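**Q** Sharing run_32.cif, mmCIF, C-alpha atoms:
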```cif
data_model
#
loop_
_atom_site.group_PDB
_atom_site.id
_atom_site.type_symbol
_atom_site.label_atom_id
_atom_site.label_comp_id
_atom_site.auth_asym_id
_atom_site.auth_seq_id
_atom_site.Cartn_x
_atom_site.Cartn_y
_atom_site.Cartn_z
ATOM 1 C CA MET N 1 0.000 0.000 0.000
ATOM 2 C CA LYS N 2 1.422 3.369 -1.018
ATOM 3 C CA ASN N 3 1.546 6.053 1.648
ATOM 4 C CA LYS N 4 -0.680 9.094 1.345
ATOM 5 C CA ASN N 5 2.167 11.488 0.578
ATOM 6 C CA THR N 6 3.227 9.458 -2.464
ATOM 7 C CA LYS N 7 -0.305 9.480 -3.841
ATOM 8 C CA ASP N 8 -0.668 13.217 -3.211
ATOM 9 C CA ILE N 9 2.629 13.920 -4.976
ATOM 10 C CA THR N 10 1.620 11.867 -8.001
ATOM 11 C CA LEU N 11 -1.820 13.462 -8.200
ATOM 12 C CA MET N 12 -0.328 16.949 -7.960
ATOM 13 C CA CYS N 13 2.184 16.053 -10.676
ATOM 14 C CA LEU N 14 -0.666 15.006 -12.933
ATOM 15 C CA ALA N 15 -2.475 18.239 -12.196
ATOM 16 C CA LEU N 16 0.622 20.235 -13.142
ATOM 17 C CA VAL N 17 1.554 18.264 -16.227
ATOM 18 C CA VAL N 18 -1.521 16.676 -17.774
ATOM 19 C CA LEU N 19 -4.096 19.296 -16.878
ATOM 20 C CA LEU N 20 -2.174 22.504 -17.374
ATOM 21 C CA ALA N 21 -0.120 21.539 -20.411
ATOM 22 C CA LEU N 22 -3.063 21.797 -22.811
ATOM 23 C CA VAL N 23 -1.885 22.322 -26.355
ATOM 24 C CA GLY N 24 -2.860 24.793 -29.066
ATOM 25 C CA CYS N 25 -2.870 24.693 -32.851
ATOM 26 C CA GLY N 26 0.091 24.768 -35.223
ATOM 27 C CA LEU N 27 -0.897 27.630 -37.503
ATOM 28 C CA LEU N 28 1.671 29.414 -39.652
ATOM 29 C CA LEU N 29 3.909 31.491 -37.387
ATOM 30 C CA ILE N 30 5.185 35.011 -37.810
ATOM 31 C CA ASN N 31 8.919 35.445 -37.432
ATOM 32 C CA SER N 32 9.699 39.008 -38.489
ATOM 33 C CA VAL N 33 12.356 41.175 -36.890
ATOM 34 C CA THR N 34 10.629 44.272 -35.536
ATOM 35 C CA GLU N 35 11.335 46.888 -32.900
ATOM 36 C CA HIS N 36 9.495 46.148 -29.657
ATOM 37 C CA ASN N 37 8.402 48.814 -27.182
ATOM 38 C CA LYS N 38 10.081 48.530 -23.789
ATOM 39 C CA ASN N 39 7.920 48.149 -20.669
ATOM 40 C CA GLU N 40 7.735 51.505 -18.943
ATOM 41 C CA ILE N 41 9.462 50.468 -15.727
ATOM 42 C CA SER N 42 12.709 51.927 -14.482
ATOM 43 C CA VAL N 43 15.112 48.997 -13.986
ATOM 44 C CA SER N 44 18.494 49.226 -12.352
ATOM 45 C CA GLU N 45 21.333 48.080 -14.599
ATOM 46 C CA THR N 46 23.072 46.409 -11.649
ATOM 47 C CA SER N 47 20.077 44.754 -9.949
ATOM 48 C CA LYS N 48 16.505 43.680 -10.556
ATOM 49 C CA THR N 49 15.149 46.353 -8.222
ATOM 50 C CA ILE N 50 12.529 48.479 -9.969
ATOM 51 C CA ILE N 51 10.896 51.805 -9.251
ATOM 52 C CA ARG N 52 7.214 52.269 -9.952
ATOM 53 C CA ASP N 53 5.222 55.366 -8.989
ATOM 54 C CA GLY N 54 8.104 56.448 -6.798
ATOM 55 C CA ARG N 55 8.212 53.159 -4.837
ATOM 56 C CA GLU N 56 10.982 50.577 -4.867
ATOM 57 C CA TYR N 57 10.273 46.886 -5.465
ATOM 58 C CA PHE N 58 12.542 43.848 -5.543
ATOM 59 C CA PRO N 59 11.900 40.269 -6.768
ATOM 60 C CA LYS N 60 10.028 38.024 -4.339
ATOM 61 C CA GLN N 61 12.213 35.503 -2.562
ATOM 62 C CA ASP N 62 9.424 33.259 -1.263
ATOM 63 C CA ILE N 63 8.029 31.945 -4.549
ATOM 64 C CA THR N 64 8.803 28.935 -6.731
ATOM 65 C CA VAL N 65 7.929 29.239 -10.424
ATOM 66 C CA VAL N 66 7.268 26.200 -12.628
ATOM 67 C CA MET N 67 6.950 26.727 -16.400
ATOM 68 C CA VAL N 68 4.527 24.272 -18.033
ATOM 69 C CA LEU N 69 4.586 23.945 -21.834
ATOM 70 C CA GLY N 70 2.179 22.123 -24.139
ATOM 71 C CA ILE N 71 3.954 21.345 -27.415
ATOM 72 C CA ASP N 72 2.162 21.158 -30.758
ATOM 73 C CA LYS N 73 3.728 17.848 -31.707
ATOM 74 C CA PHE N 74 2.743 14.181 -31.697
ATOM 75 C CA GLY N 75 4.894 11.225 -30.699
ATOM 76 C CA VAL N 76 7.189 10.503 -27.787
ATOM 77 C CA LYS N 77 9.674 13.154 -26.775
ATOM 78 C CA GLU N 78 12.850 12.762 -28.835
ATOM 79 C CA SER N 79 15.655 14.965 -30.088
ATOM 80 C CA SER N 80 15.579 16.473 -33.572
ATOM 81 C CA ASN N 81 19.393 15.947 -33.547
ATOM 82 C CA TYR N 82 20.021 19.547 -34.546
ATOM 83 C CA TYR N 83 19.100 23.014 -33.309
ATOM 84 C CA ARG N 84 15.770 23.470 -35.064
ATOM 85 C CA ASN N 85 12.514 21.550 -34.590
ATOM 86 C CA GLU N 86 8.855 21.811 -35.606
ATOM 87 C CA GLY N 87 7.294 21.772 -32.145
ATOM 88 C CA SER N 88 5.913 25.150 -31.099
ATOM 89 C CA ALA N 89 5.028 25.857 -27.469
ATOM 90 C CA ASP N 90 1.335 26.473 -27.989
ATOM 91 C CA SER N 91 0.359 26.436 -24.324
ATOM 92 C CA ILE N 92 2.541 28.363 -21.870
ATOM 93 C CA MET N 93 1.769 28.621 -18.174
ATOM 94 C CA LEU N 94 3.702 29.779 -15.141
ATOM 95 C CA LEU N 95 2.704 28.137 -11.850
ATOM 96 C CA ILE N 96 3.662 30.507 -9.032
ATOM 97 C CA PHE N 97 3.840 28.831 -5.618
ATOM 98 C CA ASN N 98 3.795 31.472 -2.858
ATOM 99 C CA GLU N 99 5.097 29.943 0.355
ATOM 100 C CA ASN N 100 3.991 32.845 2.561
ATOM 101 C CA GLU N 101 0.400 32.860 1.344
ATOM 102 C CA LYS N 102 0.202 29.076 0.723
ATOM 103 C CA VAL N 103 -1.393 29.504 -2.698
ATOM 104 C CA CYS N 104 -0.510 28.677 -6.290
ATOM 105 C CA ASP N 105 -1.364 31.383 -8.811
ATOM 106 C CA VAL N 106 -1.266 30.680 -12.555
ATOM 107 C CA LEU N 107 -0.120 33.081 -15.268
ATOM 108 C CA TYR N 108 -1.532 31.764 -18.552
ATOM 109 C CA LEU N 109 0.307 33.387 -21.456
ATOM 110 C CA ASN N 110 -1.062 33.691 -24.968
ATOM 111 C CA ARG N 111 1.086 31.703 -27.424
ATOM 112 C CA ASP N 112 0.744 34.558 -29.937
ATOM 113 C CA THR N 113 2.356 37.062 -27.549
ATOM 114 C CA MET N 114 4.969 39.015 -29.477
ATOM 115 C CA VAL N 115 8.385 38.860 -27.790
ATOM 116 C CA ASN N 116 12.108 39.029 -28.442
ATOM 117 C CA MET N 117 13.784 35.615 -28.442
ATOM 118 C CA ASP N 118 17.235 34.159 -29.042
ATOM 119 C CA VAL N 119 17.716 32.460 -32.410
ATOM 120 C CA LEU N 120 20.028 29.454 -32.646
ATOM 121 C CA GLY N 121 21.900 28.460 -35.791
ATOM 122 C CA LEU N 122 21.764 24.925 -37.170
ATOM 123 C CA LYS N 123 24.853 23.985 -35.123
ATOM 124 C CA GLY N 124 23.588 25.580 -31.928
ATOM 125 C CA GLU N 125 25.499 28.834 -32.212
ATOM 126 C CA TYR N 126 23.856 32.097 -31.182
ATOM 127 C CA ALA N 127 22.456 33.698 -34.356
ATOM 128 C CA GLY N 128 20.844 36.865 -33.029
ATOM 129 C CA VAL N 129 17.471 37.982 -31.692
ATOM 130 C CA SER N 130 14.132 37.718 -33.479
ATOM 131 C CA TYR N 131 10.789 39.326 -32.653
ATOM 132 C CA GLY N 132 7.922 36.881 -33.071
ATOM 133 C CA GLN N 133 5.289 34.756 -31.391
ATOM 134 C CA LEU N 134 6.272 33.348 -27.999
ATOM 135 C CA ALA N 135 5.381 29.854 -29.267
ATOM 136 C CA LEU N 136 8.294 30.039 -31.708
ATOM 137 C CA ALA N 137 10.941 30.099 -28.975
ATOM 138 C CA HIS N 138 10.575 26.334 -28.553
ATOM 139 C CA THR N 139 11.375 25.697 -32.225
ATOM 140 C CA TYR N 140 14.971 26.833 -31.616
ATOM 141 C CA GLY N 141 16.798 23.870 -30.091
ATOM 142 C CA ASP N 142 16.547 20.104 -30.290
ATOM 143 C CA GLY N 143 12.929 19.876 -29.144
ATOM 144 C CA MET N 144 14.057 18.623 -25.754
ATOM 145 C CA GLU N 145 15.883 20.427 -22.929
ATOM 146 C CA GLU N 146 17.504 23.041 -25.195
ATOM 147 C CA SER N 147 14.145 24.169 -26.565
ATOM 148 C CA ALA N 148 12.557 24.362 -23.125
ATOM 149 C CA VAL N 149 15.482 26.442 -21.879
ATOM 150 C CA ASN N 150 15.095 28.830 -24.840
ATOM 151 C CA VAL N 151 11.462 29.429 -23.850
ATOM 152 C CA LYS N 152 12.556 29.877 -20.237
ATOM 153 C CA ASN N 153 15.182 32.462 -21.218
ATOM 154 C CA THR N 154 12.688 34.255 -23.463
ATOM 155 C CA LEU N 155 10.187 34.599 -20.635
ATOM 156 C CA GLU N 156 12.804 35.719 -18.132
ATOM 157 C CA ASN N 157 13.868 38.467 -20.543
ATOM 158 C CA PHE N 158 10.261 39.445 -21.257
ATOM 159 C CA ILE N 159 8.973 39.546 -17.662
ATOM 160 C CA HIS N 160 10.833 41.787 -15.238
ATOM 161 C CA GLY N 161 11.882 39.980 -12.063
ATOM 162 C CA LEU N 162 10.961 36.502 -13.291
ATOM 163 C CA THR N 163 13.148 33.521 -12.453
ATOM 164 C CA VAL N 164 11.839 30.170 -13.706
ATOM 165 C CA ASP N 165 12.915 27.491 -11.239
ATOM 166 C CA TYR N 166 11.718 24.400 -13.127
ATOM 167 C CA TYR N 167 10.107 23.478 -16.427
ATOM 168 C CA VAL N 168 7.809 20.698 -17.680
ATOM 169 C CA SER N 169 7.178 20.211 -21.423
ATOM 170 C CA MET N 170 4.654 17.745 -22.879
ATOM 171 C CA ASN N 171 3.647 16.552 -26.357
ATOM 172 C CA MET N 172 0.015 16.191 -27.431
ATOM 173 C CA ASP N 173 -0.349 12.422 -27.277
ATOM 174 C CA ALA N 174 -0.674 12.557 -23.496
ATOM 175 C CA ILE N 175 -3.970 14.470 -23.702
ATOM 176 C CA PRO N 176 -6.238 11.769 -25.254
ATOM 177 C CA LEU N 177 -4.464 9.105 -23.190
ATOM 178 C CA ALA N 178 -5.306 10.906 -19.963
ATOM 179 C CA ASN N 179 -8.761 11.931 -21.202
ATOM 180 C CA ASP N 180 -9.866 8.384 -22.040
ATOM 181 C CA ALA N 181 -8.285 6.954 -18.904
ATOM 182 C CA VAL N 182 -10.693 9.008 -16.770
ATOM 183 C CA GLY N 183 -13.632 7.872 -18.915
ATOM 184 C CA GLY N 184 -13.895 11.024 -21.000
ATOM 185 C CA VAL N 185 -14.444 14.613 -19.907
ATOM 186 C CA LYS N 186 -17.750 16.487 -19.863
ATOM 187 C CA VAL N 187 -17.696 19.984 -21.368
ATOM 188 C CA ASN N 188 -20.247 22.531 -22.497
ATOM 189 C CA VAL N 189 -19.541 23.246 -26.177
ATOM 190 C CA LYS N 190 -20.395 26.845 -27.111
ATOM 191 C CA ASP N 191 -18.686 27.125 -30.520
ATOM 192 C CA ASP N 192 -19.570 25.540 -33.862
ATOM 193 C CA PHE N 193 -17.142 22.663 -34.612
ATOM 194 C CA SER N 194 -19.053 21.332 -37.632
ATOM 195 C CA LYS N 195 -16.250 22.172 -40.087
ATOM 196 C CA VAL N 196 -13.611 20.573 -37.856
ATOM 197 C CA ASN N 197 -15.288 17.618 -36.169
ATOM 198 C CA PRO N 198 -19.074 17.161 -36.607
ATOM 199 C CA THR N 199 -19.165 14.796 -33.616
ATOM 200 C CA ILE N 200 -18.440 17.782 -31.343
ATOM 201 C CA THR N 201 -21.923 19.241 -31.093
ATOM 202 C CA LYS N 202 -23.102 22.299 -29.181
ATOM 203 C CA GLY N 203 -24.248 21.727 -25.620
ATOM 204 C CA GLU N 204 -22.963 19.324 -22.984
ATOM 205 C CA ILE N 205 -21.048 16.327 -24.349
ATOM 206 C CA THR N 206 -18.401 13.896 -23.103
ATOM 207 C CA LEU N 207 -15.180 14.220 -25.079
ATOM 208 C CA LYS N 208 -13.428 10.975 -26.020
ATOM 209 C CA GLY N 209 -10.521 9.985 -28.251
ATOM 210 C CA ASP N 210 -9.485 12.510 -30.871
ATOM 211 C CA GLN N 211 -12.374 14.790 -29.943
ATOM 212 C CA VAL N 212 -10.325 16.190 -27.083
ATOM 213 C CA ILE N 213 -7.462 17.175 -29.398
ATOM 214 C CA ASP N 214 -9.856 19.041 -31.702
ATOM 215 C CA PHE N 215 -11.562 20.738 -28.751
ATOM 216 C CA VAL N 216 -8.455 22.070 -26.997
ATOM 217 C CA ARG N 217 -6.222 22.503 -30.054
ATOM 218 C CA THR N 218 -8.275 23.911 -32.935
ATOM 219 C CA ARG N 219 -9.025 27.565 -33.540
ATOM 220 C CA LYS N 220 -9.185 27.769 -37.346
ATOM 221 C CA GLU N 221 -12.843 27.687 -38.470
ATOM 222 C CA VAL N 222 -14.023 27.587 -34.846
ATOM 223 C CA GLY N 223 -15.785 30.621 -33.371
ATOM 224 C CA ASP N 224 -13.839 33.863 -33.752
ATOM 225 C CA GLN N 225 -10.629 31.824 -34.342
ATOM 226 C CA LYS N 226 -8.780 33.789 -31.649
ATOM 227 C CA ASN N 227 -6.335 32.124 -29.278
ATOM 228 C CA THR N 228 -7.999 33.893 -26.341
ATOM 229 C CA SER N 229 -11.230 32.013 -27.121
ATOM 230 C CA ARG N 230 -9.333 28.737 -27.364
ATOM 231 C CA MET N 231 -7.742 29.451 -23.975
ATOM 232 C CA GLU N 232 -11.253 29.749 -22.510
ATOM 233 C CA ARG N 233 -12.134 26.303 -23.910
ATOM 234 C CA GLN N 234 -8.933 24.880 -22.453
ATOM 235 C CA THR N 235 -9.817 26.293 -19.038
ATOM 236 C CA ASP N 236 -13.295 24.723 -19.246
ATOM 237 C CA TYR N 237 -11.725 21.399 -20.192
ATOM 238 C CA LEU N 238 -9.342 21.664 -17.241
ATOM 239 C CA LYS N 239 -12.251 21.937 -14.817
ATOM 240 C CA GLY N 240 -14.003 18.937 -16.347
ATOM 241 C CA PHE N 241 -10.840 16.841 -16.259
ATOM 242 C CA LEU N 242 -10.274 17.656 -12.587
ATOM 243 C CA THR N 243 -13.779 16.457 -11.763
ATOM 244 C CA ALA N 244 -13.297 13.188 -13.670
ATOM 245 C CA LEU N 245 -9.841 12.651 -12.135
ATOM 246 C CA ARG N 246 -11.176 13.047 -8.594
ATOM 247 C CA GLU N 247 -13.900 10.495 -9.298
ATOM 248 C CA LYS N 248 -11.317 7.973 -10.511
ATOM 249 C CA GLU N 249 -9.097 8.617 -7.493
ATOM 250 C CA ASN N 250 -12.015 7.842 -5.186
ATOM 251 C CA THR N 251 -12.337 4.337 -6.617
ATOM 252 C CA ASP N 252 -8.684 3.546 -7.443
ATOM 253 C CA THR N 253 -6.024 4.960 -5.111
ATOM 254 C CA ASP N 254 -3.250 3.998 -7.563
ATOM 255 C CA PHE N 255 -4.946 5.564 -10.575
ATOM 256 C CA ALA N 256 -2.863 8.742 -10.714
ATOM 257 C CA LEU N 257 0.407 6.824 -10.494
ATOM 258 C CA LYS N 258 -0.594 4.497 -13.344
ATOM 259 C CA LEU N 259 -1.782 7.406 -15.464
ATOM 260 C CA TYR N 260 1.413 9.372 -14.930
ATOM 261 C CA ASP N 261 3.472 6.331 -15.942
ATOM 262 C CA SER N 262 1.491 6.081 -19.183
ATOM 263 C CA VAL N 263 2.081 9.729 -20.196
ATOM 264 C CA SER N 264 5.720 10.012 -19.028
ATOM 265 C CA PRO N 265 7.237 9.134 -22.483
ATOM 266 C CA TYR N 266 5.743 12.378 -23.792
ATOM 267 C CA ILE N 267 7.276 14.597 -21.090
ATOM 268 C CA VAL N 268 10.584 16.476 -20.710
ATOM 269 C CA THR N 269 11.430 18.143 -17.395
ATOM 270 C CA ASP N 270 14.423 19.344 -15.401
ATOM 271 C CA VAL N 271 12.765 18.306 -12.132
ATOM 272 C CA SER N 272 14.577 15.337 -10.632
ATOM 273 C CA ALA N 273 12.580 12.716 -8.752
ATOM 274 C CA LYS N 274 14.118 13.976 -5.507
ATOM 275 C CA ASN N 275 13.254 17.612 -6.207
ATOM 276 C CA LEU N 276 9.760 16.687 -7.376
ATOM 277 C CA SER N 277 9.099 14.771 -4.180
ATOM 278 C CA SER N 278 10.405 17.592 -2.008
ATOM 279 C CA MET N 279 8.637 20.361 -3.923
ATOM 280 C CA LEU N 280 5.247 18.728 -4.195
ATOM 281 C CA SER N 281 5.356 17.610 -0.574
ATOM 282 C CA ARG N 282 5.737 21.274 0.381
ATOM 283 C CA PHE N 283 3.035 22.449 -1.988
ATOM 284 C CA LYS N 284 0.440 19.670 -1.793
ATOM 285 C CA ASP N 285 -1.726 21.567 0.701
ATOM 286 C CA PHE N 286 -1.581 24.882 -1.148
ATOM 287 C CA ALA N 287 -4.843 26.376 -2.356
ATOM 288 C CA LEU N 288 -5.345 27.279 -6.002
ATOM 289 C CA GLY N 289 -5.137 31.048 -6.227
ATOM 290 C CA GLU N 290 -5.986 33.139 -9.280
ATOM 291 C CA ILE N 291 -5.595 32.252 -12.959
ATOM 292 C CA TYR N 292 -4.345 35.364 -14.732
ATOM 293 C CA THR N 293 -4.418 35.996 -18.486
ATOM 294 C CA PRO N 294 -2.726 39.229 -19.634
ATOM 295 C CA GLU N 295 -4.856 41.857 -21.311
ATOM 296 C CA GLY N 296 -3.942 42.908 -24.808
ATOM 297 C CA GLU N 297 -4.894 43.237 -28.455
ATOM 298 C CA ASN N 298 -5.381 40.462 -31.011
ATOM 299 C CA LEU N 299 -4.115 41.347 -34.478
ATOM 300 C CA ILE N 300 -3.715 39.626 -37.819
ATOM 301 C CA LYS N 301 -0.689 40.748 -39.819
ATOM 302 C CA ASP N 302 0.111 39.255 -43.224
ATOM 303 C CA GLY N 303 -2.307 36.435 -42.440
ATOM 304 C CA HIS N 304 -0.671 35.585 -39.096
ATOM 305 C CA TYR N 305 -1.944 36.052 -35.561
ATOM 306 C CA GLN N 306 -0.310 38.393 -33.070
ATOM 307 C CA PHE N 307 -1.134 39.236 -29.468
ATOM 308 C CA LEU N 308 0.236 42.516 -28.126
ATOM 309 C CA VAL N 309 0.071 42.742 -24.355
ATOM 310 C CA ASP N 310 -1.268 45.912 -22.821
ATOM 311 C CA GLU N 311 2.009 47.079 -21.338
ATOM 312 C CA GLU N 312 0.606 49.178 -18.499
ATOM 313 C CA SER N 313 -1.674 46.452 -17.123
ATOM 314 C CA PHE N 314 0.959 43.768 -17.762
ATOM 315 C CA ASP N 315 3.528 45.761 -15.778
ATOM 316 C CA GLU N 316 1.072 46.042 -12.895
ATOM 317 C CA LEU N 317 0.382 42.307 -13.037
ATOM 318 C CA THR N 318 4.038 41.265 -13.104
ATOM 319 C CA VAL N 319 4.855 43.570 -10.199
ATOM 320 C CA LYS N 320 2.007 41.975 -8.242
ATOM 321 C CA LEU N 321 3.097 38.411 -9.004
ATOM 322 C CA PHE N 322 6.888 38.658 -8.903
ATOM 323 C CA TYR N 323 7.831 41.658 -6.725
ATOM 324 C CA SER N 324 7.597 42.815 -3.123
ATOM 325 C CA GLU N 325 7.749 46.421 -2.026
ATOM 326 C CA LYS N 326 10.910 47.433 -0.146
#
```
Taking this structure as input, can you express it in the form of structure tokens?
**A**
Amino acid sequence: MKNKNTKDITLMCLALVVLLALVGCGLLLINSVTEHNKNEISVSETSKTIIRDGREYFPKQDITVVMVLGIDKFGVKESSNYYRNEGSADSIMLLIFNENEKVCDVLYLNRDTMVNMDVLGLKGEYAGVSYGQLALAHTYGDGMEESAVNVKNTLENFIHGLTVDYYVSMNMDAIPLANDAVGGVKVNVKDDFSKVNPTITKGEITLKGDQVIDFVRTRKEVGDQKNTSRMERQTDYLKGFLTALREKENTDTDFALKLYDSVSPYIVTDVSAKNLSSMLSRFKDFALGEIYTPEGENLIKDGHYQFLVDEESFDELTVKLFYSEK
């Protein structure tokens, strides 16, 4: 019989990896070099201390940040064997564990967010900086650790005061595996999926098999086709999956462990088993805090989607999540 802590750790790991790493669609990506406006925060060149409205803030020391990526790619995780790959990071979340407040807040970033990112040459050499969709950062690297680190570095450069402590990256195959293992997930379908998958009808249905991929991944020819709308569907799916997972756990105490074993070939992470055990033991009793999605503007340029964050509100949000006042 497994002790309670082991089960709690495994269940939390599933919640972090399977539930939050929902993937998006692989539309054509923009990759143009353009000047990007700087966030209007005064930042010291020698420290991460910032000044806002005459007050000094410094990065929080009591938080642990886990980056969770859903990759638009099928198959087990494997290296592309060179420094480019086709897997974009179409779902990007930061889990922010606050040890003082005992809560976990979630910053859910739009994959179309326009950012500066490092570009790697075919042999891995630094080849400059490009301005493009955040999802593209994962395509530079081998599709494994190097790609995840490139996304990590991109976010740390984009968000003042951010330090990503750990990352988890997952391919799409894990989603239908987990979905069917819990017996399917009930959702309330609000958009018209008739051009994508006629079996996904409006109203309450139970998603099974490939239906779940179409529901959480597709935006072309569904609703307003915006990624923000797709993110809302992914959040709805998350709630339904949690309900189904709890029901399974009530009847099979080893269910989460078996499910995690089945999806592990599709996962890349820098969290060692020892660190995972320690971290999730500390955080297993934390309450879920807020799920934040940055405000901004959806654009289409040359047939490609862009999301421009509202810099003033985004600055306020990042100060709230990652800084403490001196």
**Q** Let me make sure I understand: among N:Asp62, N:Lys186, N:Asn153, N:His160, which one has the smallest atom-to-atom distance to Gly203 of chain N if we use only C-alpha atoms?
**A**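 Of N:Asp62, N:Lys186, N:Asn153, N:His160, the one nearest Gly203 of chain N is N:Lys186, counting only C-alpha atoms.
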**Q** Would you please work out which residue, of N:Gly128, N:Pro176, N:Gly183, N:Gly240, is nearest to Ile213 of chain N when using all atoms listed in the file?
**A** N:Pro176
**Q** Quick one: residues within 10 Å of segment 147-150 of chain N, only C-alpha atoms, excluding same-chain residues fewer than 4 positions away - as a PyMOL selection string?
**A** chain N and resi 67-69+79+83-85+87-89+117-120+136-143+154-156+164+166-169+268-270
**Q** Here is a test: counting only C-alpha atoms, which residue of N:Gly184, N:Gly289, N:Pro265, N:Gly303 is nearest to Lys248 of chain N?
**A** N:Gly184
**Q** Smallest atom-to-atom distance to Asp180 of chain N: which of N:Arg246, N:Lys60, N:Lys208, N:Arg233, using all atoms listed in the file?
**A** N:Lys208
**Q** Between atom CA of Ala287 of chain N and atom CA of Leu242 of chain N, what is the distance, to one decimal in Å?
**A**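 Answer for the atom CA of Ala287 of chain N to atom CA of Leu242 of chain N separation: 14.5 Å.
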**Q** Taking all atoms listed in the file into account, which of N:Asn197, N:Asp252, N:Val216, N:Lys301 comes nearest Leu238 of chain N?
**A**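 Using all atoms listed in the file, the shortest distance to Leu238 of chain N belongs to N:Val216.
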**Q** So which one's closest to Tyr108 of chain N, N:Ser324, N:Asn298, N:Asn188, N:Thr228? Using only C-alpha atoms, please.
**A**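 With only C-alpha atoms as the atom set, the closest residue is N:Thr228.
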**Q** Put a box with edges along x, y and z around all the listed atoms of segment 251-268 of chain N, pad it by 4 Å on each side, then give me its centre and sizes in Å, one decimal, as JSON.
**A**
```
{"center_x": -0.9, "center_y": 10.0, "center_z": -14.5, "size_x": 30.9, "size_y": 20.9, "size_z": 26.7}
```
**Q** What gap, in Å, lies between atom CA of Ile200 of chain N and atom CA of Val222 of chain N?
**A**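 Atom CA of Ile200 of chain N sits 11.3 Å away from atom CA of Val222 of chain N.
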**Q** One decimal, Å: what's the distance from atom CA of Ile300 of chain N over to atom CA of Lys226 of chain N, could you say?
**A**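 Value for the atom CA of Ile300 of chain N-atom CA of Lys226 of chain N distance: 9.9 Å.
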**Q** Applied to the shown file, which residues does the PyMOL selection byres ((chain N and resi 63) around 10) return, written as a list in words?
**A**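 Applied to this file, the PyMOL selection byres ((chain N and resi 63) around 10) selects Pro59, Lys60, Gln61, Asp62, Thr64, Val65, Val66, Leu95, Ile96, Phe97, Asn98, Glu99, Asn100, Glu101, Lys102, Val103, Cys104, Thr163, Asp165, Leu321, Phe322 and Tyr323 of chain N.
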**Q** Go through the shown structure with the PyMOL selection byres ((chain N and resi 196) around 9) and write out the matching residues as a PyMOL selection string.
**A** chain N and resi 192-195+197-198+200+214+218+220-222
**Q** Generate a file of the selected residues that holds C-alpha atoms, formatted as a short mmCIF file (atom, residue, chain, number, x, y, z; two decimals), in the coordinates of the input.
**A**
```cif
data_model
loop_
_atom_site.label_atom_id
_atom_site.label_comp_id
_atom_site.auth_asym_id
_atom_site.auth_seq_id
_atom_site.Cartn_x
_atom_site.Cartn_y
_atom_site.Cartn_z
CA ASP N 192 -19.57 25.54 -33.86
CA PHE N 193 -17.14 22.66 -34.61
CA SER N 194 -19.05 21.33 -37.63
CA LYS N 195 -16.25 22.17 -40.09
CA ASN N 197 -15.29 17.62 -36.17
CA PRO N 198 -19.07 17.16 -36.61
CA ILE N 200 -18.44 17.78 -31.34
CA ASP N 214 -9.86 19.04 -31.70
CA THR N 218 -8.28 23.91 -32.94
CA LYS N 220 -9.18 27.77 -37.35
CA GLU N 221 -12.84 27.69 -38.47
CA VAL N 222 -14.02 27.59 -34.85
#
```
**Q** Selection in question (the file shown): the PyMOL selection byres ((chain N and resi 123) around 7). Which residues does it include, as a list in words?
**A**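 That expression, the PyMOL selection byres ((chain N and resi 123) around 7), corresponds here to Tyr82, Tyr83, Gly121, Leu122, Gly124 and Glu125 of chain N.
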